[in-house]
Structures are given as C-alpha cells and as structure tokens.
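Engineer: Before we start, here is the structure in question, set down as structure tokens.
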Amino acid sequence: MGDKMDNYVRLKDIPQHFGLKRGDSVWISSDVKELLYSCIEHDDDTDLNVLLDSVMDIVGEEGTVLIPTFNWDFCKGRTFDIRKSPSQTGSIGKIALKRDDYIRTKHPIYSFAVWGAAAKELAAMDNRSSFGADGPFRWCRDHDTKNVFIDVECQHSYTFVHYVEEMVGVPYRYLKNFTAGYIDEDGNESIRTYSMHVRDLRADIYVTIYPYEEEFKAAGASRRYEVNGIPMKTISMGKTYDIILRDVRDNNSSKLCEYKYLT
C-alpha cells in the first residue's frame, strides 16, 4: 500500500504527464469515472476544476483549451440555447460551461467550451457544417492541437476523423441539414439550419481506427501512457491528418472503418 501511495499522482499534477508546453492548444476527451474513484481512494481533490486549472497553467494565456460540449438534441428538432443546453459528452465539458472564463462555440451540435488565446476566434466561427473547413476542426488541424484522451479510446472519441471524411468525401456519409430553434448568447431566438456529415443508413458501418495506431506512433503523432493505472493518450491532430487522408482518399477508408451496403 505504501508503494501505491508513494507513486500516486495527485489530480493537480496529472496534466504534467500530457506532454503539453506553453502556447499549445489542447482538446481534452475523457471518461473520468476511474480517475475520480482513484482520487477518492487517495483522499485527493475530486473537483475537476483543479485538472482544468492545471492544464491552463501549463499552456498559459498564449495557449488554447477546447473541451467538447457536443449535444445532439438539435438533430431532433429541439431548440439549442448556447447559454443553457448541456454538454452530452462528459463531466469536464459540463464543468467548463459553468465557468466564467470559458466561452462556447456556436455550432448547436458540435460545440466546444474554449479558453485562451484563440477562444474569441473560435467562438466567432459560424460554420454551418459540423466538420466544415471554416470551423474548429480545421483550426485544430492548422494548429496541431494535442488531443488528450483520459480513459477513452480513439475508436469512440477521435472525432477529428469525421472532419477528414468530410474534407475528402466518402460514399458512406452525406451532409444532412437540420433546422430548429436557436437561442444565442444575448438570448435572441431564431430558426436556423445547420448540417452534419451523417452516416448513410443504407450502409452498415463499423469504425475501427485501431490500424492507424502504429502509423500515428511511427509519425511521432501519438503517445500512450498511464497515470495512476488509468490509460491515457496524447495525439497531435495536425500530424494525423495526412495519415487519415491517404487512407480515406486512396484506400477506401479501409483502416478507418468497415462498411457494406445493406440489401
């Protein structure tokens, strides 16, 4: 038990293992259940603001932090309120939305809570397509944003691959428009239309992504590690773009997913 306690990394110090430096942009994807269980076991902080504050301290004001606050209710015709619609993608996003120092990007389906040097630039984007070339996903590519994964796998959480699919064009997805109510940061309500690159329901799609792992690692774009026994990973998003693009464009997305059309 002594060794376990001696080797324990406190919540405030965990971001030191992410491989971040001052001026970086970072996107955090997470499932924090095991992380919080570990904190409780070691009588540590369980306030995830401590984790966020540490990330912000490392990248500094010249850096940028993006936390996914995705919400798919707009696709069901429900009004999106940029001030109140909750994040459906994890606890850290919910916490970031409650903070005064984070602002939310505009897309009603794929929004982010953002902080730092590029926060206002990101929040000003009004990309109508969820993964469009004029939105945050392109920005993350251009700035080689570091996507940190805490106890989640790429297969379910590396949303960046959908941006590449939209940029190239794939036979198993298409742009679909969704129209619903939208309440902006000033409380003004209107009817708006946004699009998402959705699956063609005539195709049976199984996402794999795992075959990319060795290529990401060989390119110096991915690093796996553990902190307190919890699996983590940091991926440099810009460095993965060409790897994914070649597969999608030249190899029929064979490493990204398996798909076949239903008869």
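Chain identifiers are assigned as A, B, and so on, following the order in which chains appear in the structure tokens; residues are numbered from 1 within each chain, and ligands are numbered from 1 in order of appearance.
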Pick out the residues sitting within 10 Å of A:Leu51, and hand them over as a ChimeraX atom specification; count only C-alpha atoms, and ignore anything fewer than 4 positions along from it in its own chain.
Structural biologist: /A:10-15,45-47,55-57,92
Engineer: Let me see the file: selected residues, N, CA and C atoms, as a PDB file, in the first residue's frame.
Structural biologist:
```
ATOM      1  N   ARG A  10      -1.168  13.232  -7.840  1.00  0.00           N
ATOM      2  CA  ARG A  10      -2.339  13.992  -7.428  1.00  0.00           C
ATOM      3  C   ARG A  10      -3.006  14.650  -8.645  1.00  0.00           C
ATOM      4  N   LEU A  11      -4.298  14.905  -8.499  1.00  0.00           N
ATOM      5  CA  LEU A  11      -5.106  15.420  -9.610  1.00  0.00           C
ATOM      6  C   LEU A  11      -4.481  16.668 -10.231  1.00  0.00           C
ATOM      7  N   LYS A  12      -3.980  17.565  -9.406  1.00  0.00           N
ATOM      8  CA  LYS A  12      -3.417  18.817  -9.920  1.00  0.00           C
ATOM      9  C   LYS A  12      -2.141  18.588 -10.722  1.00  0.00           C
ATOM     10  N   ASP A  13      -1.488  17.446 -10.517  1.00  0.00           N
ATOM     11  CA  ASP A  13      -0.218  17.168 -11.202  1.00  0.00           C
ATOM     12  C   ASP A  13      -0.372  16.265 -12.430  1.00  0.00           C
ATOM     13  N   ILE A  14      -1.553  15.692 -12.629  1.00  0.00           N
ATOM     14  CA  ILE A  14      -1.753  14.773 -13.758  1.00  0.00           C
ATOM     15  C   ILE A  14      -1.465  15.439 -15.105  1.00  0.00           C
ATOM     16  N   PRO A  15      -1.894  16.696 -15.342  1.00  0.00           N
ATOM     17  CA  PRO A  15      -1.616  17.309 -16.650  1.00  0.00           C
ATOM     18  C   PRO A  15      -0.131  17.438 -16.988  1.00  0.00           C
ATOM     19  N   ASP A  45      -8.233  15.767  -4.198  1.00  0.00           N
ATOM     20  CA  ASP A  45      -9.293  16.600  -4.760  1.00  0.00           C
ATOM     21  C   ASP A  45     -10.131  15.790  -5.736  1.00  0.00           C
ATOM     22  N   THR A  46     -11.428  16.048  -5.759  1.00  0.00           N
ATOM     23  CA  THR A  46     -12.299  15.459  -6.782  1.00  0.00           C
ATOM     24  C   THR A  46     -12.953  16.544  -7.633  1.00  0.00           C
ATOM     25  N   ASP A  47     -12.535  17.781  -7.431  1.00  0.00           N
ATOM     26  CA  ASP A  47     -13.060  18.896  -8.210  1.00  0.00           C
ATOM     27  C   ASP A  47     -12.275  18.969  -9.521  1.00  0.00           C
ATOM     28  N   VAL A  55      -4.095  22.389 -16.482  1.00  0.00           N
ATOM     29  CA  VAL A  55      -3.872  22.422 -17.936  1.00  0.00           C
ATOM     30  C   VAL A  55      -3.676  23.865 -18.397  1.00  0.00           C
ATOM     31  N   MET A  56      -4.522  24.760 -17.911  1.00  0.00           N
ATOM     32  CA  MET A  56      -4.439  26.164 -18.293  1.00  0.00           C
ATOM     33  C   MET A  56      -3.126  26.797 -17.832  1.00  0.00           C
ATOM     34  N   ASP A  57      -2.663  26.411 -16.645  1.00  0.00           N
ATOM     35  CA  ASP A  57      -1.385  26.921 -16.143  1.00  0.00           C
ATOM     36  C   ASP A  57      -0.233  26.493 -17.043  1.00  0.00           C
ATOM     37  N   ILE A  92     -16.237  16.953 -17.726  1.00  0.00           N
ATOM     38  CA  ILE A  92     -15.361  18.118 -17.839  1.00  0.00           C
ATOM     39  C   ILE A  92     -16.022  19.200 -18.686  1.00  0.00           C
TER      40      ILE A  92
END
```
Engineer: Can you tell me, as a short mmCIF file (atom, residue, chain, number, x, y, z; two decimals) with N, CA and C atoms, in the first residue's frame, which residues in stretch 108-155 of chain A count as strand (DSSP E) by DSSP?
Structural biologist:
```cif
data_model
loop_
_atom_site.label_atom_id
_atom_site.label_comp_id
_atom_site.auth_asym_id
_atom_site.auth_seq_id
_atom_site.Cartn_x
_atom_site.Cartn_y
_atom_site.Cartn_z
N PHE A 112 -17.87 23.60 -28.54
CA PHE A 112 -16.78 23.44 -27.58
C PHE A 112 -16.85 24.57 -26.56
N ALA A 113 -16.45 24.27 -25.33
CA ALA A 113 -16.14 25.32 -24.37
C ALA A 113 -14.66 25.63 -24.56
N VAL A 114 -14.34 26.91 -24.77
CA VAL A 114 -12.97 27.27 -25.14
C VAL A 114 -12.44 28.37 -24.23
N TRP A 115 -11.11 28.32 -24.03
CA TRP A 115 -10.41 29.30 -23.20
C TRP A 115 -9.05 29.58 -23.81
N GLY A 116 -8.56 30.79 -23.63
CA GLY A 116 -7.20 31.09 -24.03
C GLY A 116 -7.10 32.02 -25.21
N LYS A 146 -3.23 19.26 -29.57
CA LYS A 146 -2.97 17.99 -28.91
C LYS A 146 -4.27 17.48 -28.27
N ASN A 147 -4.74 16.36 -28.77
CA ASN A 147 -5.95 15.73 -28.24
C ASN A 147 -5.54 14.76 -27.14
N VAL A 148 -5.88 15.10 -25.91
CA VAL A 148 -5.57 14.25 -24.76
C VAL A 148 -6.78 13.36 -24.46
N PHE A 149 -6.54 12.07 -24.37
CA PHE A 149 -7.59 11.09 -24.08
C PHE A 149 -7.37 10.54 -22.67
N ILE A 150 -8.35 10.69 -21.82
CA ILE A 150 -8.29 10.16 -20.46
C ILE A 150 -9.29 9.02 -20.35
#
```
Engineer: Just the number, please: distance in Å from atom CA of A:Ile230 to atom CA of A:Tyr102, one decimal.
Structural biologist: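 About the pair atom CA of A:Ile230 and atom CA of A:Tyr102: they are 26.9 Å apart.
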Engineer: From stretch 23-68 of chain A, collect each residue whose DSSP state is helix (DSSP H, G or I) and return the set as a list in words.
Structural biologist: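 Taking stretch 23-68 of chain A and keeping helix (DSSP H, G or I) gives Lys33, Glu34, Leu35, Leu36, Tyr37, Ser38, Cys39, Ile40, Glu41, Leu48, Asn49, Val50, Leu51, Leu52, Asp53, Ser54, Val55, Met56, Asp57, Ile58 and Val59 of chain A.
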Engineer: Please, what distance in Å, to one decimal, runs between atom CA of A:Thr208 and atom CA of A:Tyr174?
Structural biologist: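 Separation between atom CA of A:Thr208 and atom CA of A:Tyr174: 19.6 Å.
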Engineer: Determine the nearest neighbour of A:Leu256 from the options A:Val227, A:Ile191, A:Cys154, A:Ala203, counting only C-alpha atoms.
Structural biologist: A:Cys154
Engineer: So, counting only C-alpha atoms, which residue among A:Tyr194, A:Tyr163, A:Tyr8, A:Phe80 is closest to A:Thr179?
Structural biologist: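 When distances to A:Thr179 are compared using only C-alpha atoms, the smallest one comes from A:Tyr194.
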Engineer: Report, in Å to a single decimal, how far apart atom CA of A:Ser29 and atom CA of A:Gln88 are.
Structural biologist: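 Computing it gives 12.3 Å between the two atoms.
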Engineer: Using only C-alpha atoms, which residues sit within 8 Å of A:Pro108 once same-chain residues fewer than 3 positions away are excluded, as a PyMOL selection string?
Structural biologist: chain A and resi 70-72+74+80+82+111+182+194
Engineer: Under the rule that only C-alpha atoms are counted, which of A:Val50, A:Leu35, A:Ile235, A:Met167 is the nearest residue to A:Arg223?
Structural biologist: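 Ranking A:Val50, A:Leu35, A:Ile235, A:Met167 by distance to A:Arg223, first place goes to A:Ile235.
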Engineer: Let me make sure I understand: among A:Gly23, A:Gly77, A:Gly187, A:Gly132, which one has the smallest atom-to-atom distance to A:Glu62 if we use only C-alpha atoms?
Structural biologist: A:Gly23
Engineer: With a distance cut-off of 9 Å and only C-alpha atoms, select the neighbouring residues of A:Cys75, excluding the residue or stretch itself and same-chain residues fewer than 6 positions from it, and output the selection as a list in words.
Structural biologist: Ile109, Asn177, Phe178, Thr179, Ala180 and Met196 of chain A
Engineer: Quick one: of A:Ser91, A:Ser254, A:Thr145, A:Thr193, who's nearest to A:Leu20, counting only C-alpha atoms?
Structural biologist: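 That would be A:Thr145, the residue with the smallest distance to A:Leu20.
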